[in-house]
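A.B. asks: You'll find protein_30.txt just under this line, and it carries compact mmCIF, N, CA and C atoms.
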# COMPACT_ATOMS: atom_id res chain seq x y z
N MET A 268 96.04 1.53 72.84
CA MET A 268 94.93 0.91 72.12
C MET A 268 94.45 1.91 71.08
N GLY A 269 94.25 1.45 69.85
CA GLY A 269 93.84 2.36 68.79
C GLY A 269 92.80 1.75 67.88
N MET A 270 92.30 2.59 66.99
CA MET A 270 91.31 2.16 65.99
C MET A 270 92.03 2.02 64.66
N TYR A 271 91.78 0.92 63.97
CA TYR A 271 92.41 0.66 62.69
C TYR A 271 91.34 0.40 61.64
N ALA A 272 91.59 0.87 60.43
CA ALA A 272 90.66 0.65 59.32
C ALA A 272 91.15 -0.54 58.50
N VAL A 273 90.23 -1.45 58.20
CA VAL A 273 90.54 -2.62 57.39
C VAL A 273 89.76 -2.52 56.09
N LYS A 274 90.45 -2.57 54.96
CA LYS A 274 89.81 -2.54 53.64
C LYS A 274 89.25 -3.93 53.36
N THR A 275 87.99 -3.98 52.90
CA THR A 275 87.33 -5.25 52.63
C THR A 275 86.75 -5.27 51.22
N THR A 276 86.30 -6.43 50.82
CA THR A 276 85.53 -6.55 49.59
C THR A 276 84.19 -5.87 49.79
N ALA A 277 83.66 -5.23 48.75
CA ALA A 277 82.38 -4.53 48.86
C ALA A 277 81.29 -5.50 49.29
N SER A 278 80.42 -5.06 50.16
CA SER A 278 79.27 -5.81 50.69
C SER A 278 79.67 -6.97 51.60
N GLN A 279 80.92 -7.05 52.01
CA GLN A 279 81.36 -8.11 52.91
C GLN A 279 81.83 -7.56 54.25
N GLU A 280 81.48 -6.30 54.55
CA GLU A 280 81.96 -5.66 55.77
C GLU A 280 81.49 -6.38 57.02
N ARG A 281 80.22 -6.72 57.08
CA ARG A 281 79.68 -7.37 58.27
C ARG A 281 80.29 -8.77 58.45
N THR A 282 80.49 -9.48 57.36
CA THR A 282 81.09 -10.82 57.42
C THR A 282 82.51 -10.74 57.96
N VAL A 283 83.29 -9.77 57.47
CA VAL A 283 84.67 -9.62 57.94
C VAL A 283 84.68 -9.24 59.42
N ALA A 284 83.82 -8.32 59.83
CA ALA A 284 83.76 -7.91 61.24
C ALA A 284 83.42 -9.10 62.13
N ASP A 285 82.46 -9.91 61.70
CA ASP A 285 82.08 -11.09 62.49
C ASP A 285 83.24 -12.08 62.60
N MET A 286 83.96 -12.29 61.50
CA MET A 286 85.09 -13.23 61.52
C MET A 286 86.23 -12.72 62.42
N ILE A 287 86.47 -11.42 62.41
CA ILE A 287 87.52 -10.85 63.27
C ILE A 287 87.17 -11.07 64.73
N ILE A 288 85.93 -10.81 65.10
CA ILE A 288 85.51 -10.97 66.49
C ILE A 288 85.49 -12.44 66.90
N ASN A 289 85.09 -13.33 65.99
CA ASN A 289 85.01 -14.75 66.31
C ASN A 289 86.38 -15.40 66.51
N ARG A 290 87.45 -14.74 66.11
CA ARG A 290 88.81 -15.27 66.32
C ARG A 290 89.21 -15.25 67.80
N GLU A 291 88.54 -14.41 68.57
CA GLU A 291 88.76 -14.31 70.02
C GLU A 291 90.23 -14.06 70.37
N GLU A 292 90.85 -13.12 69.68
CA GLU A 292 92.20 -12.67 70.01
C GLU A 292 92.11 -11.74 71.21
N GLU A 293 93.01 -11.87 72.15
CA GLU A 293 92.99 -11.01 73.34
C GLU A 293 93.30 -9.56 73.01
N GLU A 294 94.12 -9.33 71.99
CA GLU A 294 94.52 -7.96 71.65
C GLU A 294 93.48 -7.22 70.82
N ILE A 295 92.49 -7.93 70.29
CA ILE A 295 91.44 -7.30 69.48
C ILE A 295 90.19 -7.20 70.35
N HIS A 296 89.69 -5.96 70.50
CA HIS A 296 88.59 -5.72 71.43
C HIS A 296 87.23 -5.56 70.75
N ALA A 297 87.18 -4.92 69.58
CA ALA A 297 85.88 -4.66 68.95
C ALA A 297 86.06 -4.48 67.45
N ALA A 298 84.98 -4.72 66.71
CA ALA A 298 84.95 -4.48 65.27
C ALA A 298 83.64 -3.79 64.94
N LEU A 299 83.72 -2.78 64.10
CA LEU A 299 82.56 -1.96 63.76
C LEU A 299 82.41 -1.92 62.24
N ALA A 300 81.22 -2.29 61.74
CA ALA A 300 80.94 -2.27 60.30
C ALA A 300 79.69 -1.43 60.07
N PRO A 301 79.80 -0.10 60.10
CA PRO A 301 78.62 0.75 59.90
C PRO A 301 78.13 0.69 58.46
N ASP A 302 76.81 0.81 58.28
CA ASP A 302 76.21 0.75 56.95
C ASP A 302 76.66 1.90 56.06
N SER A 303 76.94 3.04 56.66
CA SER A 303 77.31 4.22 55.87
C SER A 303 78.77 4.21 55.43
N LEU A 304 79.56 3.26 55.88
CA LEU A 304 80.97 3.16 55.53
C LEU A 304 81.18 1.89 54.71
N THR A 305 81.21 2.03 53.39
CA THR A 305 81.32 0.85 52.52
C THR A 305 82.77 0.46 52.31
N SER A 306 83.00 -0.83 52.26
CA SER A 306 84.30 -1.46 52.00
C SER A 306 85.33 -1.28 53.10
N TYR A 307 84.91 -0.85 54.28
CA TYR A 307 85.83 -0.70 55.40
C TYR A 307 85.20 -1.21 56.69
N VAL A 308 86.04 -1.74 57.56
CA VAL A 308 85.64 -2.17 58.90
C VAL A 308 86.61 -1.48 59.87
N MET A 309 86.08 -0.91 60.93
CA MET A 309 86.91 -0.29 61.95
C MET A 309 87.12 -1.30 63.08
N VAL A 310 88.39 -1.48 63.48
CA VAL A 310 88.72 -2.48 64.50
C VAL A 310 89.50 -1.80 65.62
N GLU A 311 89.08 -2.06 66.85
CA GLU A 311 89.81 -1.57 68.02
C GLU A 311 90.73 -2.67 68.50
N ALA A 312 92.03 -2.36 68.55
CA ALA A 312 93.02 -3.38 68.92
C ALA A 312 94.17 -2.74 69.68
N GLU A 313 94.94 -3.59 70.37
CA GLU A 313 96.11 -3.13 71.11
C GLU A 313 97.20 -2.61 70.17
N GLY A 314 97.38 -3.28 69.05
CA GLY A 314 98.39 -2.90 68.08
C GLY A 314 98.09 -3.52 66.74
N HIS A 315 98.77 -3.03 65.71
CA HIS A 315 98.46 -3.53 64.36
C HIS A 315 99.04 -4.90 64.09
N ALA A 316 100.03 -5.36 64.86
CA ALA A 316 100.66 -6.66 64.60
C ALA A 316 99.65 -7.81 64.76
N ALA A 317 98.89 -7.80 65.85
CA ALA A 317 97.90 -8.85 66.08
C ALA A 317 96.81 -8.81 65.02
N LEU A 318 96.43 -7.61 64.62
CA LEU A 318 95.38 -7.45 63.61
C LEU A 318 95.86 -7.96 62.26
N GLU A 319 97.09 -7.67 61.88
CA GLU A 319 97.63 -8.17 60.61
C GLU A 319 97.71 -9.69 60.61
N ARG A 320 98.05 -10.27 61.74
CA ARG A 320 98.13 -11.73 61.85
C ARG A 320 96.75 -12.36 61.61
N VAL A 321 95.71 -11.77 62.16
CA VAL A 321 94.35 -12.28 62.00
C VAL A 321 93.84 -12.06 60.58
N LEU A 322 94.15 -10.92 59.99
CA LEU A 322 93.64 -10.60 58.65
C LEU A 322 94.16 -11.55 57.58
N GLY A 323 95.31 -12.15 57.81
CA GLY A 323 95.84 -13.11 56.84
C GLY A 323 94.98 -14.35 56.70
N GLU A 324 94.19 -14.65 57.71
CA GLU A 324 93.35 -15.86 57.71
C GLU A 324 91.90 -15.59 57.32
N ILE A 325 91.55 -14.32 57.10
CA ILE A 325 90.14 -13.98 56.86
C ILE A 325 89.92 -13.65 55.38
N PRO A 326 89.02 -14.40 54.73
CA PRO A 326 88.70 -14.06 53.34
C PRO A 326 87.95 -12.72 53.29
N HIS A 327 88.05 -12.02 52.19
CA HIS A 327 87.40 -10.73 51.94
C HIS A 327 88.05 -9.57 52.70
N ALA A 328 89.02 -9.83 53.56
CA ALA A 328 89.77 -8.75 54.20
C ALA A 328 90.97 -8.47 53.31
N ARG A 329 90.99 -7.30 52.70
CA ARG A 329 92.05 -6.99 51.73
C ARG A 329 93.35 -6.59 52.40
N ASN A 330 93.35 -5.48 53.14
CA ASN A 330 94.56 -5.04 53.81
C ASN A 330 94.23 -4.06 54.92
N LEU A 331 95.25 -3.77 55.70
CA LEU A 331 95.13 -2.83 56.81
C LEU A 331 95.55 -1.46 56.30
N VAL A 332 94.70 -0.46 56.47
CA VAL A 332 95.02 0.89 56.04
C VAL A 332 96.12 1.43 56.95
N PRO A 333 97.19 1.99 56.39
CA PRO A 333 98.28 2.49 57.24
C PRO A 333 97.80 3.61 58.16
N GLY A 334 98.34 3.62 59.36
CA GLY A 334 97.99 4.66 60.33
C GLY A 334 96.97 4.17 61.33
N GLU A 335 96.77 5.03 62.31
CA GLU A 335 95.86 4.71 63.40
C GLU A 335 94.83 5.82 63.52
N SER A 336 93.58 5.47 63.81
CA SER A 336 92.51 6.45 64.01
C SER A 336 92.23 6.57 65.49
N SER A 337 91.56 7.64 65.85
CA SER A 337 91.15 7.80 67.24
C SER A 337 89.66 7.51 67.37
N ILE A 338 89.22 7.33 68.57
CA ILE A 338 87.81 7.03 68.82
C ILE A 338 86.92 8.20 68.42
N THR A 339 87.46 9.42 68.47
CA THR A 339 86.65 10.59 68.10
C THR A 339 86.31 10.57 66.61
N GLU A 340 87.13 9.93 65.78
CA GLU A 340 86.87 9.87 64.35
C GLU A 340 85.75 8.89 64.00
N VAL A 341 85.45 7.95 64.87
CA VAL A 341 84.39 6.98 64.60
C VAL A 341 83.20 7.14 65.53
N GLU A 342 83.24 8.13 66.39
CA GLU A 342 82.16 8.35 67.36
C GLU A 342 80.79 8.52 66.71
N HIS A 343 80.75 9.22 65.58
CA HIS A 343 79.46 9.49 64.94
C HIS A 343 78.80 8.22 64.40
N PHE A 344 79.56 7.15 64.21
CA PHE A 344 78.97 5.88 63.78
C PHE A 344 78.28 5.17 64.94
N LEU A 345 78.62 5.53 66.17
CA LEU A 345 78.13 4.81 67.34
C LEU A 345 76.78 5.30 67.84
N SER A 346 76.38 6.52 67.49
CA SER A 346 75.08 7.03 67.94
C SER A 346 74.05 6.84 66.83
N PRO A 347 72.88 6.31 67.17
CA PRO A 347 71.86 6.05 66.15
C PRO A 347 71.28 7.34 65.58
N LYS A 348 71.01 7.32 64.30
CA LYS A 348 70.40 8.46 63.62
C LYS A 348 68.88 8.29 63.69
N PRO A 349 68.14 9.34 64.08
CA PRO A 349 66.68 9.19 64.15
C PRO A 349 66.08 8.95 62.76
N ASP A 350 65.03 8.14 62.72
CA ASP A 350 64.38 7.81 61.45
C ASP A 350 63.70 9.01 60.82
N VAL A 351 63.33 10.00 61.61
CA VAL A 351 62.61 11.16 61.07
C VAL A 351 63.56 12.23 60.55
N GLU A 352 64.87 12.01 60.66
CA GLU A 352 65.83 12.97 60.14
C GLU A 352 65.71 13.05 58.63
N GLY A 353 65.65 14.23 58.09
CA GLY A 353 65.52 14.41 56.65
C GLY A 353 64.08 14.53 56.18
N ILE A 354 63.13 14.44 57.10
CA ILE A 354 61.72 14.59 56.77
C ILE A 354 61.27 15.96 57.26
N ALA A 355 60.53 16.68 56.44
CA ALA A 355 60.04 18.00 56.82
C ALA A 355 58.53 18.06 56.68
N GLU A 356 57.91 19.00 57.37
CA GLU A 356 56.47 19.17 57.26
C GLU A 356 56.13 19.58 55.83
N GLY A 357 55.08 18.98 55.28
CA GLY A 357 54.66 19.26 53.92
C GLY A 357 55.21 18.27 52.91
N ASP A 358 56.14 17.40 53.30
CA ASP A 358 56.69 16.40 52.39
C ASP A 358 55.61 15.39 52.00
N ILE A 359 55.73 14.88 50.79
CA ILE A 359 54.86 13.80 50.33
C ILE A 359 55.58 12.49 50.63
N VAL A 360 54.90 11.60 51.34
CA VAL A 360 55.51 10.34 51.75
C VAL A 360 54.61 9.17 51.34
N GLU A 361 55.22 7.99 51.34
CA GLU A 361 54.47 6.76 51.11
C GLU A 361 54.62 5.91 52.36
N LEU A 362 53.52 5.35 52.83
CA LEU A 362 53.57 4.46 53.98
C LEU A 362 54.03 3.09 53.50
N ILE A 363 55.08 2.55 54.12
CA ILE A 363 55.65 1.29 53.65
C ILE A 363 55.38 0.14 54.61
N ALA A 364 54.64 0.40 55.68
CA ALA A 364 54.29 -0.66 56.63
C ALA A 364 52.99 -0.27 57.34
N GLY A 365 52.40 -1.23 58.00
CA GLY A 365 51.19 -0.97 58.76
C GLY A 365 49.92 -1.13 57.94
N PRO A 366 48.77 -0.78 58.50
CA PRO A 366 47.49 -0.99 57.83
C PRO A 366 47.29 -0.10 56.59
N PHE A 367 48.01 1.00 56.49
CA PHE A 367 47.87 1.90 55.35
C PHE A 367 49.02 1.75 54.35
N LYS A 368 49.63 0.58 54.33
CA LYS A 368 50.78 0.33 53.45
C LYS A 368 50.42 0.64 51.99
N GLY A 369 51.31 1.39 51.33
CA GLY A 369 51.10 1.74 49.93
C GLY A 369 50.37 3.06 49.72
N GLU A 370 49.81 3.62 50.78
CA GLU A 370 49.08 4.89 50.67
C GLU A 370 50.06 6.06 50.64
N LYS A 371 49.68 7.11 49.93
CA LYS A 371 50.46 8.34 49.91
C LYS A 371 49.84 9.32 50.89
N ALA A 372 50.71 10.14 51.50
CA ALA A 372 50.23 11.08 52.51
C ALA A 372 51.13 12.31 52.54
N ARG A 373 50.64 13.35 53.20
CA ARG A 373 51.41 14.58 53.39
C ARG A 373 51.74 14.69 54.88
N VAL A 374 53.00 15.03 55.19
CA VAL A 374 53.45 15.15 56.57
C VAL A 374 52.85 16.40 57.19
N GLN A 375 52.20 16.23 58.33
CA GLN A 375 51.59 17.35 59.06
C GLN A 375 52.45 17.78 60.24
N ARG A 376 53.02 16.81 60.97
CA ARG A 376 53.77 17.13 62.18
C ARG A 376 54.83 16.06 62.40
N ILE A 377 55.96 16.48 62.97
CA ILE A 377 57.07 15.56 63.25
C ILE A 377 57.39 15.63 64.74
N ASP A 378 57.45 14.47 65.39
CA ASP A 378 57.84 14.39 66.80
C ASP A 378 59.17 13.66 66.86
N GLU A 379 60.27 14.43 66.90
CA GLU A 379 61.60 13.82 66.89
C GLU A 379 61.90 13.05 68.17
N GLY A 380 61.35 13.48 69.28
CA GLY A 380 61.58 12.81 70.56
C GLY A 380 61.06 11.39 70.57
N LYS A 381 59.89 11.19 69.97
CA LYS A 381 59.28 9.86 69.91
C LYS A 381 59.57 9.15 68.59
N ASP A 382 60.24 9.84 67.66
CA ASP A 382 60.55 9.29 66.34
C ASP A 382 59.27 8.92 65.59
N GLN A 383 58.27 9.81 65.67
CA GLN A 383 56.99 9.58 65.03
C GLN A 383 56.64 10.74 64.10
N VAL A 384 55.81 10.44 63.11
CA VAL A 384 55.36 11.43 62.14
C VAL A 384 53.84 11.35 62.04
N THR A 385 53.18 12.50 62.05
CA THR A 385 51.74 12.55 61.84
C THR A 385 51.50 12.95 60.39
N VAL A 386 50.76 12.11 59.67
CA VAL A 386 50.50 12.35 58.26
C VAL A 386 49.00 12.41 58.01
N GLU A 387 48.64 13.00 56.87
CA GLU A 387 47.25 13.05 56.43
C GLU A 387 47.16 12.33 55.09
N LEU A 388 46.36 11.29 55.04
CA LEU A 388 46.27 10.47 53.82
C LEU A 388 45.62 11.27 52.69
N TYR A 389 46.15 11.06 51.48
CA TYR A 389 45.63 11.77 50.31
C TYR A 389 44.23 11.33 49.92
N GLU A 390 44.04 10.03 49.80
CA GLU A 390 42.80 9.52 49.22
C GLU A 390 41.72 9.24 50.24
N ALA A 391 41.88 9.74 51.45
CA ALA A 391 40.84 9.56 52.47
C ALA A 391 39.73 10.58 52.21
N THR A 392 38.49 10.15 52.33
CA THR A 392 37.37 11.06 52.09
C THR A 392 37.27 12.11 53.20
N VAL A 393 37.59 11.71 54.41
CA VAL A 393 37.61 12.63 55.54
C VAL A 393 39.08 12.73 55.99
N PRO A 394 39.65 13.94 56.02
CA PRO A 394 41.06 14.05 56.42
C PRO A 394 41.27 13.71 57.89
N ILE A 395 41.88 12.55 58.13
CA ILE A 395 42.13 12.08 59.48
C ILE A 395 43.65 12.00 59.68
N PRO A 396 44.17 12.64 60.70
CA PRO A 396 45.61 12.53 60.95
C PRO A 396 45.96 11.13 61.47
N VAL A 397 47.00 10.55 60.91
CA VAL A 397 47.46 9.23 61.31
C VAL A 397 48.90 9.37 61.79
N THR A 398 49.21 8.85 62.97
CA THR A 398 50.57 8.91 63.51
C THR A 398 51.26 7.56 63.28
N VAL A 399 52.42 7.61 62.64
CA VAL A 399 53.18 6.39 62.34
C VAL A 399 54.63 6.59 62.78
N ARG A 400 55.35 5.48 62.95
CA ARG A 400 56.77 5.55 63.28
C ARG A 400 57.56 6.04 62.08
N GLY A 401 58.71 6.63 62.33
CA GLY A 401 59.53 7.19 61.27
C GLY A 401 60.08 6.16 60.31
N ASP A 402 60.23 4.91 60.74
CA ASP A 402 60.74 3.88 59.84
C ASP A 402 59.65 3.25 58.98
N GLN A 403 58.42 3.70 59.13
CA GLN A 403 57.31 3.16 58.35
C GLN A 403 56.95 4.03 57.16
N ILE A 404 57.75 5.08 56.88
CA ILE A 404 57.45 5.94 55.74
C ILE A 404 58.69 6.13 54.88
N ARG A 405 58.44 6.49 53.63
CA ARG A 405 59.51 6.78 52.68
C ARG A 405 59.15 8.08 51.99
N VAL A 406 60.10 9.02 51.95
CA VAL A 406 59.85 10.32 51.35
C VAL A 406 59.83 10.18 49.83
N LEU A 407 58.74 10.65 49.21
CA LEU A 407 58.62 10.65 47.76
C LEU A 407 59.01 11.99 47.16
N ASP A 408 58.48 13.06 47.77
CA ASP A 408 58.73 14.40 47.25
C ASP A 408 58.85 15.35 48.43
N SER A 409 59.91 16.16 48.40
CA SER A 409 60.15 17.09 49.50
C SER A 409 59.99 18.52 49.02
N ASP A 410 59.42 19.38 49.84
CA ASP A 410 59.28 20.79 49.51
C ASP A 410 60.63 21.50 49.45
N GLU A 411 61.61 20.98 50.19
CA GLU A 411 62.91 21.62 50.26
C GLU A 411 63.77 21.36 49.04
N ARG A 412 63.47 20.33 48.25
CA ARG A 412 64.29 19.99 47.08
C ARG A 412 63.86 20.74 45.87
Would you mind giving the structure from this file in structure tokens?

C.D. replies:
Amino acid sequence: MGMYAVKTTASQERTVADMIINREEEEIHAALAPDSLTSYVMVEAEGHAALERVLGEIPHARNLVPGESSITEVEHFLSPKPDVEGIAEGDIVELIAGPFKGEKARVQRIDEGKDQVTVELYEATVPIPVTVRGDQIRVLDSDER
């Protein structure tokens, strides 16, 4: 059993992965369409013959990349990346959700375990620390850049 890369039309990776899985072939076990991998879908199958047979019937599936990959090469796509990765203390951020949506703030503290960030709003008359989830902010300016 191996991992195979399938070349697809740009922005159609998820559609192709769904169509491959919906074919319900016994030799095809899984399809992976990570957001960070554009124009490719990773498919776990018994062999490339069954996969080539299915790809002929699927629109937006261009071709099968020659060769076989191992699970270790795609392992990093399987573990979720924390939302607070890439954020540092002192960064200027914008809140994109919640009651303070649209407000700018400075990062005071980062809790990677809980995936939360404590920020201090710029335009608040009294500096009050506000704790928000990592997916509710967008970095505007970083001290490290």

A.B. asks: Enumerate, as a list in words, the protein, DNA and RNA residues whose atoms approach (91.0, -3.2, 67.7) to within 9 Å, taking into account only C-alpha atoms and the coordinate frame of the file.

C.D. replies: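 Here is the list of nearby residues: Met268, Gly269, Met270, Tyr271, Glu294, Ile295, His296, Ala297, Ala298, Met309, Val310, Glu311, Ala312, Glu313, Gly314, His315 and Leu318 of chain A.
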
A.B. asks: So how far away is atom CA of Ser346 of chain A from atom N of Ile363 of chain A, in Å?

C.D. replies: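 Interatomic distance, atom N of Ile363 of chain A to atom CA of Ser346 of chain A: 24.7 Å.
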
A.B. asks: At a cut-off of 10 Å, using only C-alpha atoms, what residues contact Glu319 of chain A? Leave out same-chain residues fewer than 3 positions from it and give the result as a PyMOL selection string.

C.D. replies: chain A and resi 273+314-316+322-324+330-331

A.B. asks: Mind checking DSSP for segment 294-327 of chain A and telling me the helix (DSSP H, G or I) residues as a VMD selection string?

C.D. replies: chain A and resid 315 to 322

A.B. asks: Pick out the residues sitting within 12 Å of His343 of chain A, and hand them over as a list in words; count only C-alpha atoms, and ignore anything fewer than 2 positions along from it in its own chain.

C.D. replies: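 In the requested form, the answer reads Leu299, Pro301, Ser303, Leu304, Ile338, Thr339, Glu340, Val341, Leu345, Ser346, Pro347 and Lys348 of chain A.
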
A.B. asks: Quick check, in Å to one decimal: how far apart do atom N of Thr276 of chain A and atom CA of Ser306 of chain A lie?

C.D. replies: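 Those two atoms sit 5.5 Å apart.
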
A.B. asks: Mind giving me the straight-line distance from atom CA of Leu362 of chain A to atom CA of Asp302 of chain A in Å, one decimal?

C.D. replies: 23.1 Å

A.B. asks: For a quick check of your reading of the model, name the residues lying within 8 Å of the coordinate (42.8, 6.6, 46.7), counting all atoms listed in the file, and write them as a PyMOL selection string.

C.D. replies: chain A and resi 370-371+389-392

A.B. asks: Keeping only N, CA and C atoms, write the selected residues to a file as a tab-separated table (two decimals), in the coordinates of the input.

C.D. replies:
chain	number	residue	atom	x	y	z
A	370	GLU	N	49.81	3.62	50.78
A	370	GLU	CA	49.08	4.89	50.67
A	370	GLU	C	50.06	6.06	50.64
A	371	LYS	N	49.68	7.11	49.93
A	371	LYS	CA	50.46	8.34	49.91
A	371	LYS	C	49.84	9.32	50.89
A	389	TYR	N	46.15	11.06	51.48
A	389	TYR	CA	45.63	11.77	50.31
A	389	TYR	C	44.23	11.33	49.92
A	390	GLU	N	44.04	10.03	49.80
A	390	GLU	CA	42.80	9.52	49.22
A	390	GLU	C	41.72	9.24	50.24
A	391	ALA	N	41.88	9.74	51.45
A	391	ALA	CA	40.84	9.56	52.47
A	391	ALA	C	39.73	10.58	52.21
A	392	THR	N	38.49	10.15	52.33
A	392	THR	CA	37.37	11.06	52.09
A	392	THR	C	37.27	12.11	53.20

A.B. asks: Under the rule that all atoms listed in the file are counted, which of A:Glu387, A:Ser336, A:Lys381, A:Ile287 is the nearest residue to Arg400 of chain A?

C.D. replies: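 Using all atoms listed in the file, Arg400 of chain A sits closest to A:Lys381.
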
A.B. asks: Which of these residues is nearest to Gly334 of chain A, using only N, CA and C atoms: A:Val393, A:Ala272, A:Ala364, A:Ala277?

C.D. replies: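 Between A:Val393, A:Ala272, A:Ala364, A:Ala277, the residue approaching Gly334 of chain A most closely is A:Ala272.
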